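Below is one structure; the comments refer to it alone.
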Amino acid sequence: MTEYFFSLYLSYAECLDYYHGKYTSIQVTEDGGKTIRFAAKHLRPFISSLGIRGRFRLTLGADNQFLKLEEVS
């Protein structure tokens, strides 16, 4: 199991593009500088009227399969 921590700040308008499927994946840079890409559908629970703002932990299992995305602060 591997964990990555990153911050994400998207406006509400930007989130709508991900929510409606305009983009199928999102690419972030984790705290250690590594670039990670995952399915944008995993962001849906975190969209608010302000968009997405916060720190997140992405947990991957064997062969880098997605396990969970959690807001940590």
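In the structure tokens, the first chain shown is A, the next is B, and so on; residue numbers restart at 1 for each chain, and ligands run from 1 in the order shown.
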
### Query
So which residues of chain A fall under alpha helix (DSSP H) by DSSP, listed as a list of chain:residue names?
A:Tyr12, A:Ala13, A:Glu14, A:Cys15, A:Leu16, A:Asp17, A:Tyr18, A:Tyr19

### Message
Give me the residues near range 48-58 of chain A as a ChimeraX atom specification, where near means some atom within 9 Å (using only C-alpha atoms) and where sequence neighbours in that chain fewer than 5 positions away do not count.
### Response
/A:2-16,43,66-73

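Here CA of Asn64 in chain A is placed at a distance of 25.5 Å from CA of Asp17 in chain A.
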
### Task
Could you pull out the residues in range 4-63 of chain A that DSSP calls strand (DSSP E or B) from the backbone, as a PyMOL selection string?
chain A and resi 4-10+25-29+35-39+48+51-60

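Excluding Ile36 in chain A itself and same-chain residues fewer than 2 positions from it, the residues having an atom within 9 Å of it are Tyr4, Ile26, Gln27, Val28, Thr29, Glu30, Lys34 and Phe38 of chain A, counting only C-alpha atoms.
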
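Picture a line from CA of Gly32 in chain A to CA of Tyr19 in chain A; it runs 27.5 Å.
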